[in-house]
$ cat target_34.txt   # compact mmCIF, C-alpha atoms
# COMPACT_ATOMS: atom_id res chain seq x y z
CA MET A 1 4.18 3.25 -26.63
CA LEU A 2 5.05 6.23 -24.41
CA GLU A 3 2.39 5.17 -21.89
CA SER A 4 3.93 1.69 -21.73
CA VAL A 5 7.34 3.26 -21.03
CA GLY A 6 5.78 5.08 -18.09
CA VAL A 7 4.18 1.87 -16.83
CA SER A 8 7.51 0.02 -17.05
CA ALA A 9 9.31 2.85 -15.24
CA PHE A 10 6.66 2.85 -12.49
CA ILE A 11 6.99 -0.91 -12.01
CA ALA A 12 10.80 -0.81 -12.12
CA PHE A 13 10.93 1.99 -9.54
CA TRP A 14 8.90 0.10 -6.95
CA VAL A 15 10.59 -3.22 -7.67
CA THR A 16 13.98 -1.56 -7.20
CA ALA A 17 12.99 0.22 -3.98
CA LEU A 18 11.47 -2.90 -2.42
CA SER A 19 14.30 -5.15 -3.60
CA ILE A 20 17.09 -2.94 -2.22
CA PHE A 21 15.36 -2.55 1.15
CA VAL A 22 14.66 -6.27 1.58
CA ALA A 23 18.01 -7.30 0.07
CA THR A 24 19.90 -5.11 2.56
CA THR A 25 18.09 -6.69 5.50
CA ASN A 26 18.66 -10.13 3.99
CA ALA A 27 22.38 -9.42 3.66
CA PHE A 28 22.65 -8.55 7.34
CA LEU A 29 20.56 -11.57 8.29
CA PHE A 30 22.64 -14.12 6.37
CA GLU A 31 26.07 -12.53 6.87
CA ARG A 32 25.90 -11.34 10.48
CA TYR A 33 23.68 -13.84 12.28
CA ASP A 34 23.59 -17.58 12.89
CA PHE A 35 20.26 -19.32 13.42
CA ARG A 36 18.55 -22.62 12.84
CA PHE A 37 17.78 -23.57 9.23
CA LYS A 38 19.95 -20.72 7.94
CA GLU A 39 21.32 -22.80 5.04
CA PHE A 40 17.84 -24.05 4.16
CA LEU A 41 16.42 -20.53 4.09
CA TYR A 42 19.33 -19.33 1.97
CA MET A 43 18.72 -22.09 -0.56
CA LEU A 44 15.02 -21.25 -0.49
CA MET A 45 15.90 -17.64 -1.30
CA LEU A 46 17.93 -18.80 -4.32
CA LEU A 47 15.11 -20.98 -5.64
CA PRO A 48 13.44 -18.29 -7.83
CA LEU A 49 16.67 -17.97 -9.84
CA VAL A 50 16.48 -21.55 -11.12
CA ILE A 51 12.76 -21.47 -11.91
CA PRO A 52 11.96 -20.36 -15.50
CA GLY A 53 10.27 -16.98 -15.64
CA VAL A 54 7.15 -18.33 -17.30
CA ILE A 55 6.74 -21.05 -14.67
CA LEU A 56 7.31 -18.52 -11.89
CA GLY A 57 4.71 -16.19 -13.37
CA ILE A 58 2.14 -18.96 -13.80
CA SER A 59 2.74 -20.19 -10.24
CA ILE A 60 2.27 -16.70 -8.79
CA LEU A 61 -0.84 -16.15 -10.91
CA ILE A 62 -2.47 -19.42 -9.83
CA SER A 63 -1.61 -18.87 -6.16
CA SER A 64 -2.82 -15.28 -6.09
CA ASN A 65 -6.04 -16.09 -7.94
CA SER A 66 -6.72 -18.96 -5.55
CA MET A 67 -6.27 -16.68 -2.55
CA ALA A 68 -8.42 -13.96 -4.13
CA ASN A 69 -11.21 -16.46 -4.90
CA TYR A 70 -11.03 -17.83 -1.35
CA MET A 71 -11.33 -14.34 0.17
CA ASP A 72 -14.26 -13.59 -2.12
CA GLU A 73 -16.14 -16.82 -1.41
CA VAL A 74 -15.52 -17.07 2.35
CA PHE A 75 -15.36 -13.42 3.48
CA ASN A 76 -17.08 -11.73 0.53
CA LEU A 77 -14.00 -9.53 0.04
CA GLU A 78 -12.68 -8.59 -3.38
CA VAL A 79 -8.89 -8.33 -3.07
CA GLU A 80 -7.95 -6.52 -6.26
CA PHE A 81 -4.18 -6.60 -5.81
CA LEU A 82 -4.25 -10.41 -6.03
CA ARG A 83 -5.71 -10.17 -9.53
CA PRO A 84 -3.54 -9.59 -12.64
CA GLY A 85 -2.34 -5.99 -12.63
CA LEU A 86 0.50 -3.67 -11.69
CA VAL A 87 0.67 -4.78 -8.04
CA LEU A 88 0.95 -8.44 -8.99
CA VAL A 89 3.59 -7.63 -11.62
CA ILE A 90 5.62 -5.77 -8.99
CA LEU A 91 5.34 -8.65 -6.53
CA GLY A 92 6.19 -11.20 -9.20
CA GLN A 93 9.34 -9.41 -10.31
CA PHE A 94 10.25 -8.64 -6.70
CA ALA A 95 10.19 -12.38 -5.95
CA PHE A 96 13.36 -13.11 -7.96
CA ILE A 97 15.07 -9.72 -8.36
CA THR A 98 15.46 -9.44 -4.58
CA THR A 99 17.54 -12.61 -4.63
CA ILE A 100 20.06 -11.08 -7.04
CA ALA A 101 20.23 -7.85 -5.05
CA THR A 102 20.79 -9.83 -1.84
CA MET A 103 23.75 -11.67 -3.36
CA VAL A 104 25.35 -8.40 -4.55
CA ILE A 105 24.93 -6.55 -1.26
CA GLY A 106 25.80 -9.62 0.81
CA ALA A 107 29.09 -10.06 -1.07
CA ARG A 108 30.03 -6.47 -0.24
CA LEU A 109 29.06 -6.84 3.41
CA ARG A 110 31.11 -10.03 3.68
CA LYS A 111 34.28 -8.15 2.72
CA MET A 112 33.77 -5.37 5.27
CA ASP A 113 36.37 -4.98 8.02
CA ARG A 114 34.29 -5.21 11.20
CA SER A 115 37.06 -3.59 13.23
CA LEU A 116 35.77 -0.26 11.89
CA GLU A 117 32.43 -0.84 13.57
CA GLU A 118 34.06 -2.14 16.75
CA ALA A 119 36.22 0.98 16.97
CA ALA A 120 33.13 3.15 16.68
CA TYR A 121 31.42 1.19 19.45
CA ASN A 122 34.46 1.61 21.67
CA LEU A 123 34.26 5.36 21.13
CA GLY A 124 30.67 5.37 22.36
CA ALA A 125 28.72 5.29 19.10
CA THR A 126 25.28 3.73 19.07
CA LYS A 127 24.20 0.96 16.70
CA THR A 128 22.10 3.43 14.73
CA SER A 129 24.94 5.90 14.25
CA VAL A 130 27.38 3.12 13.27
CA LEU A 131 24.90 1.83 10.74
CA ARG A 132 24.29 5.31 9.34
CA THR A 133 27.88 6.59 9.27
CA ILE A 134 29.99 3.46 8.65
CA THR A 135 28.11 0.38 7.47
CA LEU A 136 25.64 1.85 5.00
CA PRO A 137 28.22 4.18 3.38
CA TYR A 138 30.45 1.13 2.89
CA LEU A 139 27.54 -0.74 1.29
CA ARG A 140 26.55 2.22 -0.91
CA PRO A 141 28.39 1.07 -4.08
CA ALA A 142 26.81 -2.39 -3.88
CA MET A 143 23.38 -0.90 -3.18
CA ILE A 144 23.67 1.42 -6.18
CA GLY A 145 24.91 -1.40 -8.39
CA ALA A 146 22.17 -3.73 -7.21
CA GLY A 147 19.62 -0.97 -7.72
CA ILE A 148 20.71 -0.43 -11.33
CA VAL A 149 20.62 -4.16 -12.02
CA ALA A 150 17.18 -4.45 -10.39
CA PHE A 151 15.82 -1.52 -12.40
CA LEU A 152 17.10 -2.89 -15.71
CA MET A 153 15.90 -6.43 -15.00
CA SER A 154 12.46 -5.15 -14.05
CA PHE A 155 12.20 -2.74 -16.97
CA GLU A 156 13.19 -5.41 -19.51
CA ASN A 157 11.46 -8.41 -17.94
CA PHE A 158 9.06 -10.25 -20.23
CA ASN A 159 8.40 -13.87 -19.20
CA THR A 160 7.11 -13.28 -15.68
CA THR A 161 5.40 -10.01 -16.58
CA LEU A 162 3.48 -11.61 -19.44
CA MET A 163 1.70 -13.93 -17.02
CA LEU A 164 0.77 -11.23 -14.50
CA THR A 165 -0.05 -8.10 -16.48
CA SER A 166 -3.50 -6.70 -17.24
CA SER A 167 -4.67 -3.82 -19.42
CA ASP A 168 -1.80 -1.57 -18.25
CA SER A 169 0.87 -3.20 -20.36
CA PRO A 170 4.58 -2.54 -19.69
CA LEU A 171 6.89 -1.74 -22.58
CA THR A 172 8.06 -5.31 -23.24
CA ILE A 173 4.49 -6.58 -23.55
CA THR A 174 3.51 -3.68 -25.81
CA MET A 175 6.54 -4.29 -28.05
CA PHE A 176 5.66 -7.99 -28.23
CA ASP A 177 2.10 -7.17 -29.31
CA ARG A 178 3.34 -4.67 -31.90
CA LEU A 179 5.94 -7.12 -33.22
CA ARG A 180 3.19 -9.47 -34.33
CA GLU A 181 2.34 -6.90 -37.00
CA GLY A 182 5.95 -6.68 -38.17
CA SER A 183 8.93 -4.46 -37.48
CA THR A 184 8.25 -0.72 -37.42
CA PRO A 185 10.44 2.39 -37.03
CA GLU A 186 8.96 2.94 -33.57
CA LEU A 187 10.08 -0.50 -32.38
CA ASN A 188 13.56 0.06 -33.79
CA ALA A 189 13.82 3.43 -32.07
CA VAL A 190 12.67 2.07 -28.72
CA SER A 191 15.06 -0.89 -28.97
CA LEU A 192 17.98 1.45 -29.67
CA LEU A 193 16.92 3.67 -26.77
CA LEU A 194 16.85 0.68 -24.41
CA MET A 195 20.34 -0.35 -25.50
CA ILE A 196 21.70 3.16 -24.91
CA VAL A 197 20.03 3.55 -21.51
CA SER A 198 21.22 0.10 -20.39
CA GLY A 199 24.78 0.90 -21.41
CA VAL A 200 24.75 4.29 -19.67
CA LEU A 201 23.38 2.80 -16.44
CA ALA A 202 26.00 0.04 -16.55
CA LEU A 203 28.77 2.63 -16.95
CA ILE A 204 27.37 4.63 -14.04
CA SER A 205 27.40 1.53 -11.86
CA VAL A 206 31.03 0.77 -12.72
CA PHE A 207 32.06 4.40 -12.19
CA VAL A 208 30.37 4.61 -8.78
CA GLN A 209 31.96 1.38 -7.54
CA LYS A 210 35.43 2.38 -8.72
CA LYS A 211 35.06 5.81 -7.14
CA GLU A 212 33.98 4.39 -3.79
CA ASP A 213 36.74 1.75 -3.80
CA SER A 214 39.50 4.25 -4.64

$ encode --input "target_34.txt" --output "structure tokens"
Amino acid sequence: MLESVGVSAFIAFWVTALSIFVATTNAFLFERYDFRFKEFLYMLMLLPLVIPGVILGISILISSNSMANYMDEVFNLEVEFLRPGLVLVILGQFAFITTIATMVIGARLRKMDRSLEEAAYNLGATKTSVLRTITLPYLRPAMIGAGIVAFLMSFENFNTTLMLTSSDSPLTITMFDRLREGSTPELNAVSLLLMIVSGVLALISVFVQKKEDS
């Protein structure tokens, strides 16, 4: 059980890191730039949210296995990360969690007063310094909030993970396997722990956003 907690934390860490990085770039792309097929790409980004987790997991599994088999048959290369395992679980969760993080960070960026950045440019600041000293600090509450949401969603995800996991089972899969044998004190303790941790992280997110907005 403790090993599965570590596996879930490892997956959630990388899903959160990748999601926040890509979501931040997505927010700038969709909020600051105009380009062809922008609306189509935005709708395409939202698509994973309306696909059931099981269907999304099966689709990713079939696609990745097809690519892995093709690489093996044509180029005689065994691409392990396309087989069920931790990498595929991370990519599968990343596929839909990034969308949620993008919406959170994009909403914050949309409300930003761009005159702050323009004033910095007029004073001779470079784009890098404006991004580092003005824009990213303004986005920090949304990035922290999106990071907490991404971590919790990844840590507690079951449907998509079930289709993509291998022998290294995350906590939700381990609890599901144990639950077949009936409720145990260990399962009750872990469930209570998850509830407490989720509540604490949610309070931290609210506190950080209120502090930054005040």

$ atom_distance --input "target_34.txt" --atom1 "CA of Pro52 (chain A)" --atom2 "CA of Phe96 (chain A)"
10.6 Å

$ closest_residue --input "target_34.txt" --among "A:Gly92, A:Thr174, A:Arg132, A:Ser115" --to "Ile55 (chain A)" --atoms "all atoms listed in the file"
A:Gly92

$ closest_residue --input "target_34.txt" --among "A:Ser64, A:Thr135, A:Thr99, A:Gln93" --to "Val50 (chain A)" --atoms "only C-alpha atoms"
A:Thr99

$ closest_atom_pairs --input "target_34.txt" --of "region 25-71 of chain A" --to "region 77-87 of chain A" --cutoff "8 Å" --atoms "all atoms listed in the file" --output "JSON lines"
{"residue": "A:Leu61", "atom": "CA", "partner": "A:Pro84", "partner_atom": "CA", "distance": 7.3}
{"residue": "A:Ser64", "atom": "CA", "partner": "A:Leu82", "partner_atom": "CA", "distance": 5.1}
{"residue": "A:Asn65", "atom": "CA", "partner": "A:Arg83", "partner_atom": "CA", "distance": 6.1}
{"residue": "A:Met67", "atom": "CA", "partner": "A:Leu82", "partner_atom": "CA", "distance": 7.5}
{"residue": "A:Ala68", "atom": "CA", "partner": "A:Val79", "partner_atom": "CA", "distance": 5.7}
{"residue": "A:Met71", "atom": "CA", "partner": "A:Leu77", "partner_atom": "CA", "distance": 5.5}

$ closest_residue --input "target_34.txt" --among "A:Leu91, A:Leu192, A:Val208, A:Leu203" --to "Arg140 (chain A)" --atoms "all atoms listed in the file"
A:Val208

$ residues_near_point --input "target_34.txt" --point "(10.3, -19.5, -13.2)" --cutoff "12 Å" --atoms "only C-alpha atoms" --output "PyMOL selection string"
chain A and resi 46-61+92-93+95-97+158-161+163

$ residues_around --input "target_34.txt" --residues "Arg114 (chain A)" --least-positions-apart "3" --cutoff "12 Å" --atoms "all atoms listed in the file" --output "ChimeraX atom specification"
/A:31-32,109-111,117-121,130-131,134-135,138

$ closest_residue --input "target_34.txt" --among "A:Gly124, A:Pro170, A:Gly199, A:Pro141" --to "Phe10 (chain A)" --atoms "only C-alpha atoms"
A:Pro170

$ closest_residue --input "target_34.txt" --among "A:Phe13, A:Arg178, A:Met195, A:Phe28" --to "Thr102 (chain A)" --atoms "only C-alpha atoms"
A:Phe28

$ atom_distance --input "target_34.txt" --atom1 "CA of Ser166 (chain A)" --atom2 "CA of Asn188 (chain A)"
24.7 Å

$ residues_near_point --input "target_34.txt" --point "(13.7, -13.4, 1.0)" --cutoff "10 Å" --atoms "only C-alpha atoms" --output "PDB file with C-alpha atoms, in the coordinates of the input"
ATOM      1  CA  SER A  19      14.300  -5.150  -3.600  1.00  0.00           C
ATOM      2  CA  VAL A  22      14.660  -6.270   1.580  1.00  0.00           C
ATOM      3  CA  ALA A  23      18.010  -7.300   0.070  1.00  0.00           C
ATOM      4  CA  THR A  25      18.090  -6.690   5.500  1.00  0.00           C
ATOM      5  CA  ASN A  26      18.660 -10.130   3.990  1.00  0.00           C
ATOM      6  CA  ALA A  27      22.380  -9.420   3.660  1.00  0.00           C
ATOM      7  CA  LEU A  41      16.420 -20.530   4.090  1.00  0.00           C
ATOM      8  CA  TYR A  42      19.330 -19.330   1.970  1.00  0.00           C
ATOM      9  CA  LEU A  44      15.020 -21.250  -0.490  1.00  0.00           C
ATOM     10  CA  MET A  45      15.900 -17.640  -1.300  1.00  0.00           C
ATOM     11  CA  LEU A  46      17.930 -18.800  -4.320  1.00  0.00           C
ATOM     12  CA  PHE A  94      10.250  -8.640  -6.700  1.00  0.00           C
ATOM     13  CA  ALA A  95      10.190 -12.380  -5.950  1.00  0.00           C
ATOM     14  CA  PHE A  96      13.360 -13.110  -7.960  1.00  0.00           C
ATOM     15  CA  THR A  98      15.460  -9.440  -4.580  1.00  0.00           C
ATOM     16  CA  THR A  99      17.540 -12.610  -4.630  1.00  0.00           C
ATOM     17  CA  THR A 102      20.790  -9.830  -1.840  1.00  0.00           C
TER      18      THR A 102
END

$ closest_residue --input "target_34.txt" --among "A:Asp168, A:Asp177, A:Glu3, A:Glu186" --to "Leu88 (chain A)" --atoms "all atoms listed in the file"
A:Asp168

$ axis_aligned_box --input "target_34.txt" --around "region 70-75 of chain A" --padding-each-side "8 Å" --output "lines of an AutoDock Vina configuration file"
center_x = -13.6
center_y = -15.6
center_z = 0.7
size_x = 21.1
size_y = 20.4
size_z = 21.6

$ atom_distance --input "target_34.txt" --atom1 "CA of Lys38 (chain A)" --atom2 "CA of Gly106 (chain A)"
14.4 Å

$ residues_around --input "target_34.txt" --residues "Val197 (chain A)" --least-positions-apart "6" --cutoff "12 Å" --atoms "all atoms listed in the file" --output "mmCIF file with C-alpha atoms, keeping the file's coordinate frame"
data_model
loop_
_atom_site.group_PDB
_atom_site.id
_atom_site.type_symbol
_atom_site.label_atom_id
_atom_site.label_comp_id
_atom_site.auth_asym_id
_atom_site.auth_seq_id
_atom_site.Cartn_x
_atom_site.Cartn_y
_atom_site.Cartn_z
ATOM 1 C CA ILE A 148 20.710 -0.430 -11.330
ATOM 2 C CA PHE A 151 15.820 -1.520 -12.400
ATOM 3 C CA LEU A 152 17.100 -2.890 -15.710
ATOM 4 C CA PHE A 155 12.200 -2.740 -16.970
ATOM 5 C CA GLU A 156 13.190 -5.410 -19.510
ATOM 6 C CA VAL A 190 12.670 2.070 -28.720
ATOM 7 C CA SER A 191 15.060 -0.890 -28.970
ATOM 8 C CA LEU A 203 28.770 2.630 -16.950
ATOM 9 C CA ILE A 204 27.370 4.630 -14.040
#
